[in-house]
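A.B. asks: Quick one: structure below, then a few questions.
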Amino acid sequence: MRLREVKLRHVRMKMKFPFSTSFGTFEDKEFILLEAKDENGESGWGESVAFHSPWYNEETVKTNWHMLEDFMIPKLLNKDIEHPDEVSEILSGIRKNNMAKSTIEGAVWDLFAKQKGIPLAVALGGEKKEIDVGISIGIQDTVLDLVQLIEEHVNEGYKRIKVKIKPGWDVEVLREVRKHFPNVPLMADANSAYYLSDIDRLKALDEFNLTMIEQPLSSDDIVDHAKLQKEISTPVCLDESIHSYEDARKAIELGSCKIINIKIGRVGGLTQSKRIHDLCQKHDIPVWCGGMLESGVGRAHNIALTTLSNFILPGDTAASSRYWVKDIIDPEVVVENGKITVPEKCGIGYEPNREIIQQLTVSEKSYF
């Protein structure tokens, strides 16, 4: 294929409810939506998961726009591409900036699948017709609010509940949650809020039979996580620490975790996500797909990736209605009894709603 045109849109969507983590509260989601057209006028879609501020990692909406406009689009525009795997190699001379890389690579994968007339999940080698999904719940004003939210989502059939924790909102909160939901699969996400010196507090979480504790320590650490995993029975899951295949390899060798969260944007795209998936499968490390408060386009990519066989644990890809009054795709992502049916249409399987996208677009620019 050849990319004949690439359009960047800066989009701002109002969240249905504020979403709080240890590093901030989100009421609006700003992101870049990328549309790439091939020589036949077919469109492929990608979404940047970078936030407007560098809370999760160093990338932001503005830095992604800069990297795409000045470096990545020029490298890919009007270049012959036989397979999406080539995108990683073409962009390999650009250090890091994985979320920006993933944005344009995702559009190429969507185009590739459409040209082949197959769903993106099939193009990736996926096997599942439906996927189990969990839900991520931010830090609430009160424990009662949290318990009520969990009850609501358990009744909706979600297969796993993830709650955000931080010092002062952890042991006592989880104890109360477990009183109300003794058998619900439960995990805690710390977003790097703790230090190894907090080990006694983290050990206290063992009593709650958690599926995992996600990223308890520093976002760039795999050494202290290995020390922590030796001291606690709760499986450690690494998120922010894994930016590449090499990060995953080293973490597995050190024993830094028993589970790995794969986020497409964090690791630089679908090709790299597949490589990490295959590595983890070889070493019997289960993986799951994390969420970044994506709109429907990013959510569709997550669904396709999760059809790979080693995505054993339910991911964060909740229904569109969990986050948005109206999503930017038709149909919206729907969860029934804790499952999402994988779309059978070619490409990402959902149609971007151009009218809604235009209403939410702050600025846009095309490249030829």
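Chains: A, B, ... in order of the structure tokens. Residues: from 1 per chain. Ligands: from 1, in order shown.
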Near Thr307 (chain A), counting only C-alpha atoms, which residues have an atom at most 10 Å away, once you skip same-chain residues fewer than 6 positions from it, shown as a PDB file with all heavy atoms, in the first residue's frame?
C.D. replies:
```
ATOM      1  N   LEU A 120      -9.558  -6.931  11.556  1.00  0.00           N
ATOM      2  CA  LEU A 120      -8.235  -6.684  12.121  1.00  0.00           C
ATOM      3  C   LEU A 120      -7.804  -7.825  13.030  1.00  0.00           C
ATOM      4  O   LEU A 120      -6.634  -8.219  13.034  1.00  0.00           O
ATOM      5  CB  LEU A 120      -8.232  -5.355  12.892  1.00  0.00           C
ATOM      6  CG  LEU A 120      -6.930  -4.977  13.606  1.00  0.00           C
ATOM      7  CD1 LEU A 120      -5.768  -4.902  12.627  1.00  0.00           C
ATOM      8  CD2 LEU A 120      -7.101  -3.646  14.351  1.00  0.00           C
ATOM      9  N   ALA A 121      -8.734  -8.370  13.796  1.00  0.00           N
ATOM     10  CA  ALA A 121      -8.399  -9.486  14.687  1.00  0.00           C
ATOM     11  C   ALA A 121      -7.813 -10.657  13.909  1.00  0.00           C
ATOM     12  O   ALA A 121      -6.833 -11.279  14.336  1.00  0.00           O
ATOM     13  CB  ALA A 121      -9.646  -9.936  15.455  1.00  0.00           C
ATOM     14  N   VAL A 122      -8.374 -10.970  12.754  1.00  0.00           N
ATOM     15  CA  VAL A 122      -7.871 -12.065  11.925  1.00  0.00           C
ATOM     16  C   VAL A 122      -6.501 -11.711  11.360  1.00  0.00           C
ATOM     17  O   VAL A 122      -5.585 -12.544  11.319  1.00  0.00           O
ATOM     18  CB  VAL A 122      -8.864 -12.376  10.791  1.00  0.00           C
ATOM     19  CG1 VAL A 122      -8.281 -13.406   9.825  1.00  0.00           C
ATOM     20  CG2 VAL A 122     -10.189 -12.876  11.364  1.00  0.00           C
ATOM     21  N   LEU A 124      -4.280 -10.001  12.711  1.00  0.00           N
ATOM     22  CA  LEU A 124      -3.299 -10.122  13.794  1.00  0.00           C
ATOM     23  C   LEU A 124      -3.037 -11.570  14.198  1.00  0.00           C
ATOM     24  O   LEU A 124      -2.086 -11.843  14.926  1.00  0.00           O
ATOM     25  CB  LEU A 124      -3.783  -9.343  15.021  1.00  0.00           C
ATOM     26  CG  LEU A 124      -3.812  -7.817  14.894  1.00  0.00           C
ATOM     27  CD1 LEU A 124      -4.579  -7.189  16.058  1.00  0.00           C
ATOM     28  CD2 LEU A 124      -2.407  -7.249  14.834  1.00  0.00           C
ATOM     29  N   GLY A 125      -3.877 -12.472  13.745  1.00  0.00           N
ATOM     30  CA  GLY A 125      -3.738 -13.870  14.143  1.00  0.00           C
ATOM     31  C   GLY A 125      -4.601 -14.247  15.325  1.00  0.00           C
ATOM     32  O   GLY A 125      -4.361 -15.262  15.984  1.00  0.00           O
ATOM     33  N   GLY A 126      -5.616 -13.432  15.592  1.00  0.00           N
ATOM     34  CA  GLY A 126      -6.501 -13.702  16.724  1.00  0.00           C
ATOM     35  C   GLY A 126      -7.383 -14.913  16.496  1.00  0.00           C
ATOM     36  O   GLY A 126      -7.680 -15.281  15.355  1.00  0.00           O
ATOM     37  N   GLU A 127      -7.832 -15.513  17.592  1.00  0.00           N
ATOM     38  CA  GLU A 127      -8.591 -16.758  17.534  1.00  0.00           C
ATOM     39  C   GLU A 127      -9.987 -16.642  18.142  1.00  0.00           C
ATOM     40  O   GLU A 127     -10.851 -17.474  17.859  1.00  0.00           O
ATOM     41  CB  GLU A 127      -7.834 -17.862  18.293  1.00  0.00           C
ATOM     42  CG  GLU A 127      -6.426 -18.113  17.771  1.00  0.00           C
ATOM     43  CD  GLU A 127      -5.653 -19.079  18.647  1.00  0.00           C
ATOM     44  OE1 GLU A 127      -6.156 -19.413  19.740  1.00  0.00           O
ATOM     45  OE2 GLU A 127      -4.546 -19.493  18.247  1.00  0.00           O
ATOM     46  N   LYS A 128     -10.211 -15.633  18.977  1.00  0.00           N
ATOM     47  CA  LYS A 128     -11.455 -15.583  19.741  1.00  0.00           C
ATOM     48  C   LYS A 128     -12.560 -14.854  18.976  1.00  0.00           C
ATOM     49  O   LYS A 128     -12.294 -13.900  18.248  1.00  0.00           O
ATOM     50  CB  LYS A 128     -11.218 -14.877  21.082  1.00  0.00           C
ATOM     51  CG  LYS A 128     -10.121 -15.502  21.924  1.00  0.00           C
ATOM     52  CD  LYS A 128      -9.793 -14.602  23.107  1.00  0.00           C
ATOM     53  CE  LYS A 128      -8.541 -15.062  23.832  1.00  0.00           C
ATOM     54  NZ  LYS A 128      -8.099 -14.110  24.843  1.00  0.00           N
ATOM     55  N   LYS A 129     -13.784 -15.299  19.195  1.00  0.00           N
ATOM     56  CA  LYS A 129     -14.966 -14.646  18.625  1.00  0.00           C
ATOM     57  C   LYS A 129     -15.604 -13.675  19.616  1.00  0.00           C
ATOM     58  O   LYS A 129     -16.397 -12.820  19.242  1.00  0.00           O
ATOM     59  CB  LYS A 129     -15.993 -15.696  18.203  1.00  0.00           C
ATOM     60  CG  LYS A 129     -15.487 -16.659  17.146  1.00  0.00           C
ATOM     61  CD  LYS A 129     -15.078 -15.933  15.867  1.00  0.00           C
ATOM     62  CE  LYS A 129     -14.618 -16.918  14.801  1.00  0.00           C
ATOM     63  NZ  LYS A 129     -14.121 -16.209  13.588  1.00  0.00           N
ATOM     64  N   GLU A 130     -15.266 -13.844  20.879  1.00  0.00           N
ATOM     65  CA  GLU A 130     -15.697 -12.917  21.915  1.00  0.00           C
ATOM     66  C   GLU A 130     -14.619 -12.851  22.985  1.00  0.00           C
ATOM     67  O   GLU A 130     -13.828 -13.778  23.139  1.00  0.00           O
ATOM     68  CB  GLU A 130     -17.044 -13.310  22.523  1.00  0.00           C
ATOM     69  CG  GLU A 130     -17.066 -14.682  23.158  1.00  0.00           C
ATOM     70  CD  GLU A 130     -18.434 -15.063  23.712  1.00  0.00           C
ATOM     71  OE1 GLU A 130     -19.432 -14.399  23.346  1.00  0.00           O
ATOM     72  OE2 GLU A 130     -18.496 -16.003  24.524  1.00  0.00           O
ATOM     73  N   ILE A 131     -14.572 -11.732  23.686  1.00  0.00           N
ATOM     74  CA  ILE A 131     -13.540 -11.548  24.703  1.00  0.00           C
ATOM     75  C   ILE A 131     -14.179 -11.175  26.039  1.00  0.00           C
ATOM     76  O   ILE A 131     -15.205 -10.498  26.082  1.00  0.00           O
ATOM     77  CB  ILE A 131     -12.514 -10.468  24.297  1.00  0.00           C
ATOM     78  CG1 ILE A 131     -13.189  -9.096  24.091  1.00  0.00           C
ATOM     79  CG2 ILE A 131     -11.755 -10.892  23.038  1.00  0.00           C
ATOM     80  CD1 ILE A 131     -12.221  -7.943  23.912  1.00  0.00           C
ATOM     81  N   ASP A 132     -13.563 -11.664  27.124  1.00  0.00           N
ATOM     82  CA  ASP A 132     -13.994 -11.285  28.469  1.00  0.00           C
ATOM     83  C   ASP A 132     -13.430  -9.917  28.814  1.00  0.00           C
ATOM     84  O   ASP A 132     -12.281  -9.608  28.477  1.00  0.00           O
ATOM     85  CB  ASP A 132     -13.481 -12.287  29.504  1.00  0.00           C
ATOM     86  CG  ASP A 132     -14.160 -13.631  29.398  1.00  0.00           C
ATOM     87  OD1 ASP A 132     -15.293 -13.683  28.862  1.00  0.00           O
ATOM     88  OD2 ASP A 132     -13.573 -14.633  29.840  1.00  0.00           O
ATOM     89  N   VAL A 342     -16.532  -9.934  19.092  1.00  0.00           N
ATOM     90  CA  VAL A 342     -15.541  -9.373  18.180  1.00  0.00           C
ATOM     91  C   VAL A 342     -16.204  -9.090  16.836  1.00  0.00           C
ATOM     92  O   VAL A 342     -16.859  -9.979  16.268  1.00  0.00           O
ATOM     93  CB  VAL A 342     -14.358 -10.346  17.994  1.00  0.00           C
ATOM     94  CG1 VAL A 342     -13.325  -9.764  17.032  1.00  0.00           C
ATOM     95  CG2 VAL A 342     -13.712 -10.643  19.353  1.00  0.00           C
TER      96      VAL A 342
END
```
A.B. asks: Using only C-alpha atoms, which residues of region 186-248 of chain A come within 6 Å of region 147-165 of chain A, and what is the closest atom pair for each, with the distance in Å to one decimal? Give it as JSON lines, sorted by chain and residue number.
C.D. replies:
```
{"residue": "A:Leu186", "atom": "CA", "partner": "A:Ile161", "partner_atom": "CA", "distance": 5.0}
{"residue": "A:Met187", "atom": "CA", "partner": "A:Lys162", "partner_atom": "CA", "distance": 4.8}
{"residue": "A:Ala188", "atom": "CA", "partner": "A:Val163", "partner_atom": "CA", "distance": 5.1}
{"residue": "A:Asp189", "atom": "CA", "partner": "A:Lys164", "partner_atom": "CA", "distance": 4.8}
{"residue": "A:Ala190", "atom": "CA", "partner": "A:Ile165", "partner_atom": "CA", "distance": 5.0}
```
A.B. asks: I need the residues from that last selection saved to file as a PDB file, in the first residue's frame (with N, CA, C and O atoms), if you can.
C.D. replies:
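This went into result.pdb:
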```pdb
ATOM      1  N   LEU A 186     -10.737  -9.501  41.756  1.00  0.00           N
ATOM      2  CA  LEU A 186     -10.428  -8.121  42.125  1.00  0.00           C
ATOM      3  C   LEU A 186      -8.943  -7.864  41.972  1.00  0.00           C
ATOM      4  O   LEU A 186      -8.115  -8.693  42.362  1.00  0.00           O
ATOM      5  N   MET A 187      -8.614  -6.731  41.393  1.00  0.00           N
ATOM      6  CA  MET A 187      -7.211  -6.334  41.299  1.00  0.00           C
ATOM      7  C   MET A 187      -7.078  -4.882  41.713  1.00  0.00           C
ATOM      8  O   MET A 187      -8.055  -4.124  41.697  1.00  0.00           O
ATOM      9  N   ALA A 188      -5.862  -4.506  42.100  1.00  0.00           N
ATOM     10  CA  ALA A 188      -5.589  -3.140  42.536  1.00  0.00           C
ATOM     11  C   ALA A 188      -4.516  -2.537  41.637  1.00  0.00           C
ATOM     12  O   ALA A 188      -3.509  -3.177  41.345  1.00  0.00           O
ATOM     13  N   ASP A 189      -4.744  -1.310  41.208  1.00  0.00           N
ATOM     14  CA  ASP A 189      -3.807  -0.612  40.328  1.00  0.00           C
ATOM     15  C   ASP A 189      -3.238   0.589  41.070  1.00  0.00           C
ATOM     16  O   ASP A 189      -3.971   1.501  41.452  1.00  0.00           O
ATOM     17  N   ALA A 190      -1.916   0.590  41.264  1.00  0.00           N
ATOM     18  CA  ALA A 190      -1.276   1.632  42.068  1.00  0.00           C
ATOM     19  C   ALA A 190      -0.688   2.763  41.236  1.00  0.00           C
ATOM     20  O   ALA A 190      -0.326   3.810  41.785  1.00  0.00           O
TER      21      ALA A 190
END
```
A.B. asks: Give the alpha helix (DSSP H) residues of region 116-172 of chain A, as assigned by DSSP on the backbone, as an MDAnalysis selection string.
C.D. replies: chainID A and resid 116 120:124 143:155 171:172
A.B. asks: Keeping only C-alpha atoms, write the selected residues as a tab-separated table (two decimals), in the first residue's frame.
C.D. replies:
```
chain	number	residue	atom	x	y	z
A	116	LYS	CA	-7.32	-7.99	2.60
A	120	LEU	CA	-8.23	-6.68	12.12
A	121	ALA	CA	-8.40	-9.49	14.69
A	122	VAL	CA	-7.87	-12.06	11.93
A	123	ALA	CA	-5.04	-10.02	10.41
A	124	LEU	CA	-3.30	-10.12	13.79
A	143	VAL	CA	-15.66	3.89	50.20
A	144	LEU	CA	-19.46	3.65	50.05
A	145	ASP	CA	-19.40	5.29	46.62
A	146	LEU	CA	-16.82	2.73	45.51
A	147	VAL	CA	-18.82	-0.22	46.83
A	148	GLN	CA	-21.98	1.01	45.10
A	149	LEU	CA	-20.12	1.39	41.79
A	150	ILE	CA	-18.64	-2.09	42.08
A	151	GLU	CA	-22.07	-3.55	42.77
A	152	GLU	CA	-23.46	-1.81	39.72
A	153	HIS	CA	-20.73	-3.21	37.45
A	154	VAL	CA	-20.84	-6.71	38.95
A	155	ASN	CA	-24.57	-6.75	38.20
A	171	VAL	CA	-5.69	-1.62	52.73
A	172	GLU	CA	-8.76	-0.36	54.57
```
A.B. asks: Just the strand (DSSP E) stuff from region 149-250 of chain A, please, per backbone DSSP, written as a list of chain:residue names.
C.D. replies: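 Everything in region 149-250 of chain A that counts as strand (DSSP E) is A:Ile161, A:Lys162, A:Val163, A:Lys164, A:Leu186, A:Met187, A:Ala188, A:Asp189, A:Met212, A:Ile213, A:Glu214, A:Val236, A:Cys237, A:Leu238.
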A.B. asks: Identify which of the residues A:Glu89, A:Asn97, A:Lys263, A:Ala248 lies closest to Leu305 (chain A), counting only C-alpha atoms when measuring atom-to-atom distances.
C.D. replies: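 When distances to Leu305 (chain A) are compared using only C-alpha atoms, the smallest one comes from A:Lys263.
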A.B. asks: Might you pull out every residue within 6 Å of region 59-67 of chain A, with only C-alpha atoms counted and same-chain residues fewer than 4 positions away left off, and present them as a PyMOL selection string?
C.D. replies: chain A and resi 31+50-54+71+100
A.B. asks: Keeping all heavy atoms for every residue in the selection just given, could you write it to a file as a PDB file, in the first residue's frame?
C.D. replies:
```pdb
ATOM      1  N   PHE A  31      -7.224  13.980  22.604  1.00  0.00           N
ATOM      2  CA  PHE A  31      -6.398  12.992  21.923  1.00  0.00           C
ATOM      3  C   PHE A  31      -6.302  13.319  20.440  1.00  0.00           C
ATOM      4  O   PHE A  31      -7.021  14.176  19.920  1.00  0.00           O
ATOM      5  CB  PHE A  31      -6.956  11.578  22.121  1.00  0.00           C
ATOM      6  CG  PHE A  31      -8.357  11.361  21.594  1.00  0.00           C
ATOM      7  CD1 PHE A  31      -8.567  10.834  20.329  1.00  0.00           C
ATOM      8  CD2 PHE A  31      -9.462  11.689  22.371  1.00  0.00           C
ATOM      9  CE1 PHE A  31      -9.844  10.631  19.844  1.00  0.00           C
ATOM     10  CE2 PHE A  31     -10.751  11.497  21.897  1.00  0.00           C
ATOM     11  CZ  PHE A  31     -10.943  10.969  20.631  1.00  0.00           C
ATOM     12  N   ALA A  50      -1.975   9.274  24.222  1.00  0.00           N
ATOM     13  CA  ALA A  50      -1.280  10.233  25.087  1.00  0.00           C
ATOM     14  C   ALA A  50      -2.283  11.206  25.701  1.00  0.00           C
ATOM     15  O   ALA A  50      -3.245  11.618  25.052  1.00  0.00           O
ATOM     16  CB  ALA A  50      -0.226  10.996  24.284  1.00  0.00           C
ATOM     17  N   PHE A  51      -2.048  11.574  26.960  1.00  0.00           N
ATOM     18  CA  PHE A  51      -2.895  12.549  27.628  1.00  0.00           C
ATOM     19  C   PHE A  51      -2.405  13.974  27.343  1.00  0.00           C
ATOM     20  O   PHE A  51      -1.337  14.165  26.758  1.00  0.00           O
ATOM     21  CB  PHE A  51      -2.904  12.285  29.136  1.00  0.00           C
ATOM     22  CG  PHE A  51      -3.506  10.951  29.505  1.00  0.00           C
ATOM     23  CD1 PHE A  51      -2.738   9.973  30.124  1.00  0.00           C
ATOM     24  CD2 PHE A  51      -4.840  10.670  29.242  1.00  0.00           C
ATOM     25  CE1 PHE A  51      -3.278   8.739  30.465  1.00  0.00           C
ATOM     26  CE2 PHE A  51      -5.400   9.445  29.573  1.00  0.00           C
ATOM     27  CZ  PHE A  51      -4.610   8.485  30.203  1.00  0.00           C
ATOM     28  N   HIS A  52      -3.162  14.952  27.778  1.00  0.00           N
ATOM     29  CA  HIS A  52      -2.756  16.343  27.502  1.00  0.00           C
ATOM     30  C   HIS A  52      -1.595  16.778  28.398  1.00  0.00           C
ATOM     31  O   HIS A  52      -0.912  17.752  28.099  1.00  0.00           O
ATOM     32  CB  HIS A  52      -3.938  17.297  27.668  1.00  0.00           C
ATOM     33  CG  HIS A  52      -4.393  17.500  29.090  1.00  0.00           C
ATOM     34  ND1 HIS A  52      -5.259  16.632  29.717  1.00  0.00           N
ATOM     35  CD2 HIS A  52      -4.100  18.457  29.996  1.00  0.00           C
ATOM     36  CE1 HIS A  52      -5.485  17.056  30.955  1.00  0.00           C
ATOM     37  NE2 HIS A  52      -4.789  18.158  31.157  1.00  0.00           N
ATOM     38  N   SER A  53      -1.352  16.037  29.484  1.00  0.00           N
ATOM     39  CA  SER A  53      -0.229  16.318  30.378  1.00  0.00           C
ATOM     40  C   SER A  53       0.589  15.043  30.563  1.00  0.00           C
ATOM     41  O   SER A  53       0.056  13.937  30.426  1.00  0.00           O
ATOM     42  CB  SER A  53      -0.731  16.811  31.747  1.00  0.00           C
ATOM     43  OG  SER A  53      -1.446  18.024  31.611  1.00  0.00           O
ATOM     44  N   PRO A  54       1.887  15.163  30.896  1.00  0.00           N
ATOM     45  CA  PRO A  54       2.762  13.975  30.994  1.00  0.00           C
ATOM     46  C   PRO A  54       2.629  13.243  32.322  1.00  0.00           C
ATOM     47  O   PRO A  54       3.605  13.053  33.045  1.00  0.00           O
ATOM     48  CB  PRO A  54       4.158  14.562  30.798  1.00  0.00           C
ATOM     49  CG  PRO A  54       4.054  15.941  31.361  1.00  0.00           C
ATOM     50  CD  PRO A  54       2.661  16.415  31.037  1.00  0.00           C
ATOM     51  N   PHE A  71       8.207  14.063  11.815  1.00  0.00           N
ATOM     52  CA  PHE A  71       9.106  12.929  11.654  1.00  0.00           C
ATOM     53  C   PHE A  71       8.437  11.671  11.084  1.00  0.00           C
ATOM     54  O   PHE A  71       8.966  11.061  10.154  1.00  0.00           O
ATOM     55  CB  PHE A  71       9.766  12.579  13.000  1.00  0.00           C
ATOM     56  CG  PHE A  71      10.618  13.693  13.540  1.00  0.00           C
ATOM     57  CD1 PHE A  71      10.130  14.560  14.514  1.00  0.00           C
ATOM     58  CD2 PHE A  71      11.901  13.895  13.062  1.00  0.00           C
ATOM     59  CE1 PHE A  71      10.910  15.589  15.006  1.00  0.00           C
ATOM     60  CE2 PHE A  71      12.691  14.930  13.541  1.00  0.00           C
ATOM     61  CZ  PHE A  71      12.193  15.787  14.517  1.00  0.00           C
ATOM     62  N   ALA A 100       3.043   7.956  19.782  1.00  0.00           N
ATOM     63  CA  ALA A 100       2.952   8.564  18.453  1.00  0.00           C
ATOM     64  C   ALA A 100       3.130   7.493  17.379  1.00  0.00           C
ATOM     65  O   ALA A 100       2.393   7.459  16.386  1.00  0.00           O
ATOM     66  CB  ALA A 100       4.006   9.662  18.301  1.00  0.00           C
TER      67      ALA A 100
END
```
A.B. asks: Looking at only C-alpha atoms, which of A:Phe19, A:Trp288, A:Tyr194, A:Phe311 is the one that sits closest to Ile137 (chain A)?
C.D. replies: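 Smallest separation from Ile137 (chain A) among the options: A:Phe19.
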A.B. asks: May I have the residues within 8 Å of Pro352 (chain A) as a PyMOL selection string, using only C-alpha atoms and disregarding those fewer than 5 positions away in the same chain?
C.D. replies: chain A and resi 297+328-330+357
A.B. asks: Write to file, as a PDB file, in the first residue's frame, the residues of the selection just made, with N, CA, C and O atoms.
C.D. replies:
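File written: result.pdb
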```
ATOM      1  N   VAL A 297     -12.249   4.265  18.524  1.00  0.00           N
ATOM      2  CA  VAL A 297     -11.219   3.810  17.596  1.00  0.00           C
ATOM      3  C   VAL A 297     -10.140   3.028  18.348  1.00  0.00           C
ATOM      4  O   VAL A 297      -9.783   1.907  17.982  1.00  0.00           O
ATOM      5  N   ILE A 328     -17.514   7.911  19.217  1.00  0.00           N
ATOM      6  CA  ILE A 328     -17.290   8.406  17.852  1.00  0.00           C
ATOM      7  C   ILE A 328     -17.355   7.294  16.811  1.00  0.00           C
ATOM      8  O   ILE A 328     -16.964   7.495  15.661  1.00  0.00           O
ATOM      9  N   ILE A 329     -17.850   6.108  17.194  1.00  0.00           N
ATOM     10  CA  ILE A 329     -17.966   4.999  16.252  1.00  0.00           C
ATOM     11  C   ILE A 329     -19.404   4.480  16.207  1.00  0.00           C
ATOM     12  O   ILE A 329     -20.169   4.645  17.157  1.00  0.00           O
ATOM     13  N   ASP A 330     -19.753   3.855  15.096  1.00  0.00           N
ATOM     14  CA  ASP A 330     -21.030   3.159  14.937  1.00  0.00           C
ATOM     15  C   ASP A 330     -20.752   1.723  14.506  1.00  0.00           C
ATOM     16  O   ASP A 330     -19.995   1.512  13.560  1.00  0.00           O
ATOM     17  N   ILE A 357     -17.293  13.236  14.983  1.00  0.00           N
ATOM     18  CA  ILE A 357     -15.868  13.565  15.043  1.00  0.00           C
ATOM     19  C   ILE A 357     -15.647  15.036  14.714  1.00  0.00           C
ATOM     20  O   ILE A 357     -14.874  15.733  15.397  1.00  0.00           O
TER      21      ILE A 357
END
```
A.B. asks: Which residue, A:Gly268, A:Lys203, A:Glu5, A:Val335, has the smallest gap to Ser244 (chain A) when you use only C-alpha atoms?
C.D. replies: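 Looking at the shortest contact to Ser244 (chain A), the residue is A:Gly268.
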A.B. asks: Go through A:Asp170, A:Glu332, A:Asp80, A:Asp278 one by one, measure the shortest atom-to-atom distance of each to Ala193 (chain A) using only C-alpha atoms, and give the residue with the smallest value.
C.D. replies: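 Nearest candidate to Ala193 (chain A) out of A:Asp170, A:Glu332, A:Asp80, A:Asp278: A:Asp170.
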A.B. asks: Could you tell me which of A:Ile104, A:Ile303, A:Val133, A:Met15 comes closest to Asn337 (chain A) if we count only C-alpha atoms?
C.D. replies: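 Closest to Asn337 (chain A) of all the choices is A:Val133.
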A.B. asks: Residues within 7 Å of Thr21 (chain A), please, as a PyMOL selection string. Count only C-alpha atoms; anything in the same chain fewer than 4 positions from it doesn't count.
C.D. replies: chain A and resi 25+138-139+164
A.B. asks: Kindly save the residues from that selection, with all heavy atoms included, as a compact mmCIF listing (two decimals), in the first residue's frame.
C.D. replies:
```
# COMPACT_ATOMS: atom_id res chain seq x y z
N THR A 25 -7.03 13.62 37.90
CA THR A 25 -8.45 13.42 37.61
C THR A 25 -8.76 13.93 36.22
O THR A 25 -8.33 15.02 35.83
CB THR A 25 -9.33 14.16 38.64
OG1 THR A 25 -9.10 13.60 39.94
CG2 THR A 25 -10.80 14.02 38.30
N GLY A 138 -12.02 4.35 39.11
CA GLY A 138 -11.12 5.34 39.69
C GLY A 138 -11.35 5.53 41.18
O GLY A 138 -12.29 4.98 41.78
N ILE A 139 -10.48 6.32 41.78
CA ILE A 139 -10.60 6.65 43.21
C ILE A 139 -11.86 7.47 43.44
O ILE A 139 -12.10 8.46 42.75
CB ILE A 139 -9.35 7.41 43.69
CG1 ILE A 139 -8.12 6.47 43.61
CG2 ILE A 139 -9.52 7.94 45.10
CD1 ILE A 139 -6.80 7.16 43.79
N LYS A 164 -8.44 1.57 41.62
CA LYS A 164 -7.23 2.36 41.78
C LYS A 164 -6.93 2.53 43.27
O LYS A 164 -7.85 2.75 44.08
CB LYS A 164 -7.40 3.73 41.13
CG LYS A 164 -7.67 3.69 39.63
CD LYS A 164 -6.43 3.33 38.85
CE LYS A 164 -6.68 3.41 37.35
NZ LYS A 164 -5.46 3.14 36.57
```
A.B. asks: Of the residues A:Ser256, A:Asp239, A:Tyr350, A:Val184, which is the one nearest to Gly134 (chain A), using only C-alpha atoms?
C.D. replies: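 Distance minimum relative to Gly134 (chain A) lands on A:Val184.
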